[in-house]
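To start, the structure under review is shown below, and the notes come after it.
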Amino acid sequence: MSDVTILAIESSCDETSAAVCHNGKMLSNVVAGQAIHEQYGGVVPELASRAHMQNILPVVDSALRKANLSPEQLSGIAYTQAPGLIGALIVGSSFAKSLALGLNLPLISVHHMQPFLCLTVSGGHTQIVLAESPNQLKILGETLDDAAGEAFDKSAKLLGLPYPGGPLIDKFAQSGNPKYSFAEPNIPGLDFSFSGIKTSILYFLQKQQKENPDFIKENIHNLCASIQQAIIKTLMKKLKRAAEQTGIRRICLAGGVSANSGLRKSFIELGSKHGWETFIPAFEYCTDNAAMIAITGYYKFLEGEFSGLDVSPSARAAWE
Ligand code: KG4
């Protein structure tokens, strides 16, 4: 097969994104954020669906323009079928299906956690996945409560920082000293838990603020560094255990939280200590984006793995 051009649409959460890839090479990757959620301190699913409806046409149009292509030049339409917010997924999937139907092109459903990875850390997911091939993925461990990104965002909220707090914790942590320690989760196996860390931070702050109401303001850098370190420590402990248990040394870091500078550093250090071959996507591919849907769509296209129009989006992370 010589020329394969995939248009991909991603709408699993609060970014509307479209990408065009030609023979596996990215020609464009357009991402529109949704500022509406800032005032609520988190993603409001119904507002996300409405913003996707407003964004989707200009985003797809812009991705095609940047790629310098017309819809008639496409070979297939890939879209995020799962997992994510159901209303948000329905907007992207309905749009993708309509395009596929209108242009008479194959429709390719993509599970947006599908690229080869081991540790996936985002606002909605924390998983250690064994990827045997792009189509054979096994979840070895996942969070029992909050996701790593949520742990960052909720801790940031406790510090009075705006949503999403993860990048701000990262920023302040860079000039801080991780001098405070919080309760370490004690979950057996490869699963994670972050709710205990969050509660431990809350009690610690309440206690300190009783003595000094300006405690947070005066110690924001050290607090951020300590919170970041606590989250990273848990992630690295389980990742190391997974590598030991499986004997796998090619390890990837993915998801929005993989943008965290402290996590990247710890991951690379742990990798070089244990002789792992480590992979981290370029920054622009770390948060929700359609390029990951496009590349998976490309492989599925090559396999002839197309979807009927009756396939439903799914909010669950399990591969169904
Ligand atoms: O993958 P992503 O874009 O998708 C989801 O919405 O699930 O991840 C977003 C998450 C948010 O929780 C955000 O706070 C976190 O990734 N994040 C970070 C950083 N950049 C983004 N967390 C810590 N440090 C960062 N630099």
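Naming scheme: A, B, ... for chains in displayed order of the structure tokens; residues 1 onward per chain; ligands 1 onward as shown.
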
Surrounding residues of stretch 4-19 of chain A excluding itself and chain neighbours under 3 positions, 7 Å, only C-alpha atoms, as JSON, numbers by chain
{"A": [22, 23, 28, 29, 30, 31, 32, 33, 34, 43, 48, 52, 55, 56, 59, 60, 63, 74, 75, 76, 77, 78, 79, 80, 83, 84, 85, 88, 89, 92, 96, 288, 289, 290, 291, 293, 294, 297, 298]}

Ligand 1 neighbours within 9 Å using only C-alpha atoms and all ligand atoms, as a VMD selection string:
chain A and resid 12 to 15 43 84 120 to 125 147 to 154 156 163 to 171 228 254 to 263 285 to 289

So that I have them on file, write out the residues from the current selection with C-alpha atoms, as a compact mmCIF listing (two decimals), in the first residue's frame.
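See result29.txt below for the written result:
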# COMPACT_ATOMS: atom_id res chain seq x y z
CA SER A 12 -11.99 12.18 24.93
CA CYS A 13 -11.83 14.92 27.54
CA ASP A 14 -11.34 18.67 27.37
CA GLU A 15 -9.21 19.14 24.27
CA VAL A 43 -13.59 19.48 33.81
CA GLY A 84 -13.09 9.19 28.08
CA THR A 120 0.52 6.08 31.37
CA VAL A 121 -0.12 9.04 33.63
CA SER A 122 -2.82 11.55 32.74
CA GLY A 123 -5.66 13.51 34.28
CA GLY A 124 -7.94 10.49 34.05
CA HIS A 125 -5.67 7.44 33.99
CA ALA A 147 -5.19 9.37 38.70
CA ALA A 148 -1.69 10.87 38.97
CA GLY A 149 -2.83 14.05 37.17
CA GLU A 150 -5.76 14.33 39.57
CA ALA A 151 -3.36 13.95 42.49
CA PHE A 152 -1.38 16.89 41.09
CA ASP A 153 -4.49 18.97 40.37
CA LYS A 154 -6.23 18.27 43.69
CA ALA A 156 -2.63 22.19 43.77
CA TYR A 163 -6.77 24.41 37.55
CA PRO A 164 -4.95 22.58 36.04
CA GLY A 165 -2.48 22.74 38.91
CA GLY A 166 -0.07 20.04 37.68
CA PRO A 167 2.05 22.37 35.51
CA LEU A 168 2.15 24.98 38.32
CA ILE A 169 3.34 22.44 40.88
CA ASP A 170 6.04 21.49 38.38
CA LYS A 171 7.03 25.14 37.93
CA GLN A 228 5.72 16.32 43.36
CA ALA A 254 3.04 8.74 28.32
CA GLY A 255 0.03 10.92 29.21
CA GLY A 256 -0.27 14.53 30.29
CA VAL A 257 1.68 14.10 33.52
CA SER A 258 4.70 12.86 31.55
CA ALA A 259 5.24 16.57 30.80
CA ASN A 260 6.33 16.91 34.44
CA SER A 261 10.03 17.79 34.54
CA GLY A 262 10.68 16.00 37.84
CA LEU A 263 8.97 12.83 36.61
CA TYR A 285 2.39 14.72 22.21
CA CYS A 286 2.23 14.47 26.01
CA THR A 287 -1.29 15.81 26.55
CA ASP A 288 -4.45 14.79 24.72
CA ASN A 289 -3.84 15.07 20.97

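Summary of the local environment: counting only C-alpha atoms, residues at most 12 Å from A:Gln206, other than itself and those fewer than 6 positions away along its chain, are A:Leu158, A:Leu159, A:Thr199, A:Ser200, A:Asn212, A:Pro213, A:Asp214, A:Phe215, A:Ile216.
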
Based on the backbone DSSP call, show me all residues of stretch 47-294 of chain A assigned strand (DSSP E or B), as a PyMOL selection string.
chain A and resi 76-82+107-111+119-121+126-133+136-143+192+250-254+277-279

Residues at most 9 Å from A:Leu202, counting only C-alpha atoms, excluding those fewer than 5 positions away in the same chain, as a PyMOL selection string?
chain A and resi 155+158+197+207

Go ahead and write the residues just picked, N, CA, C and O atoms, as a PDB file, in the first residue's frame.
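Done, and the output landed in result_13.pdb:
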ATOM      1  N   SER A 155      -4.047  18.390  44.727  1.00  0.00           N
ATOM      2  CA  SER A 155      -3.071  18.934  45.695  1.00  0.00           C
ATOM      3  C   SER A 155      -2.873  20.423  45.425  1.00  0.00           C
ATOM      4  O   SER A 155      -2.800  21.232  46.347  1.00  0.00           O
ATOM      5  N   LEU A 158      -5.551  22.399  46.903  1.00  0.00           N
ATOM      6  CA  LEU A 158      -5.371  22.578  48.356  1.00  0.00           C
ATOM      7  C   LEU A 158      -4.416  23.742  48.641  1.00  0.00           C
ATOM      8  O   LEU A 158      -4.497  24.393  49.674  1.00  0.00           O
ATOM      9  N   ILE A 197      -2.275  10.256  49.821  1.00  0.00           N
ATOM     10  CA  ILE A 197      -1.292  11.354  49.752  1.00  0.00           C
ATOM     11  C   ILE A 197      -2.041  12.678  49.868  1.00  0.00           C
ATOM     12  O   ILE A 197      -1.654  13.575  50.624  1.00  0.00           O
ATOM     13  N   LYS A 207      -2.854  21.735  59.788  1.00  0.00           N
ATOM     14  CA  LYS A 207      -2.081  21.843  61.038  1.00  0.00           C
ATOM     15  C   LYS A 207      -1.134  23.049  60.980  1.00  0.00           C
ATOM     16  O   LYS A 207      -1.082  23.869  61.894  1.00  0.00           O
TER      17      LYS A 207
END

Report as a compact mmCIF listing (two decimals) with N, CA and C atoms, in the first residue's frame all protein, DNA and RNA residues lying within 12 Å of stretch 217-219 of chain A, evaluated on only C-alpha atoms, omitting residues in the same chain fewer than 4 positions from it.
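Saved the output as out.txt:
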# COMPACT_ATOMS: atom_id res chain seq x y z
N LEU A 158 -5.55 22.40 46.90
CA LEU A 158 -5.37 22.58 48.36
C LEU A 158 -4.42 23.74 48.64
N LEU A 159 -3.50 23.97 47.70
CA LEU A 159 -2.54 25.08 47.86
C LEU A 159 -3.12 26.40 47.34
N GLY A 160 -4.34 26.33 46.83
CA GLY A 160 -4.99 27.54 46.31
C GLY A 160 -4.56 27.89 44.90
N LEU A 161 -3.96 26.91 44.19
CA LEU A 161 -3.51 27.19 42.81
C LEU A 161 -4.64 26.89 41.83
N PHE A 172 6.76 25.57 40.33
CA PHE A 172 7.23 25.99 41.66
C PHE A 172 8.23 24.99 42.26
N ALA A 173 8.02 23.71 41.94
CA ALA A 173 8.89 22.67 42.52
C ALA A 173 10.34 22.84 42.07
N SER A 175 12.24 25.32 42.01
CA SER A 175 13.12 26.06 42.92
C SER A 175 12.80 25.74 44.37
N GLY A 176 12.28 24.54 44.61
CA GLY A 176 11.94 24.15 45.98
C GLY A 176 12.76 22.97 46.48
N ASN A 177 12.62 22.73 47.78
CA ASN A 177 13.33 21.63 48.42
C ASN A 177 12.27 20.65 48.94
N PRO A 178 12.33 19.37 48.55
CA PRO A 178 11.27 18.43 48.97
C PRO A 178 11.42 18.04 50.43
N LYS A 179 11.31 19.01 51.34
CA LYS A 179 11.61 18.75 52.74
C LYS A 179 10.45 18.18 53.56
N TYR A 180 9.23 18.22 53.02
CA TYR A 180 8.08 17.67 53.76
C TYR A 180 7.76 16.28 53.23
N LEU A 205 -1.42 20.61 55.89
CA LEU A 205 -1.63 22.04 55.65
C LEU A 205 -2.52 22.65 56.73
N GLN A 208 -0.43 23.15 59.86
CA GLN A 208 0.55 24.24 59.73
C GLN A 208 -0.13 25.61 59.69
N GLN A 209 -1.27 25.66 59.04
CA GLN A 209 -1.96 26.96 58.89
C GLN A 209 -2.54 27.46 60.20
N ASN A 212 0.49 29.16 61.50
CA ASN A 212 0.90 30.27 60.64
C ASN A 212 -0.02 30.37 59.43
N PRO A 213 -0.96 31.31 59.44
CA PRO A 213 -1.92 31.40 58.33
C PRO A 213 -1.25 31.62 56.97
N LEU A 223 6.65 23.19 49.29
CA LEU A 223 5.45 22.35 49.29
C LEU A 223 5.26 21.67 47.95
N CYS A 224 5.40 22.44 46.88
CA CYS A 224 5.25 21.86 45.53
C CYS A 224 6.30 20.79 45.28
N ALA A 225 7.53 21.07 45.68
CA ALA A 225 8.61 20.09 45.47
C ALA A 225 8.31 18.81 46.25
N SER A 226 7.75 18.95 47.46
CA SER A 226 7.47 17.78 48.30
C SER A 226 6.32 16.96 47.74

Among stretch 9-178 of chain A, which ones does DSSP place in alpha helix (DSSP H), written as a VMD selection string?
chain A and resid 45 to 66 86 to 103 148 to 158 166 to 173

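Taking atom CA of A:Glu305 and atom CA of A:Pro106 as endpoints, the distance between them is 9.1 Å.
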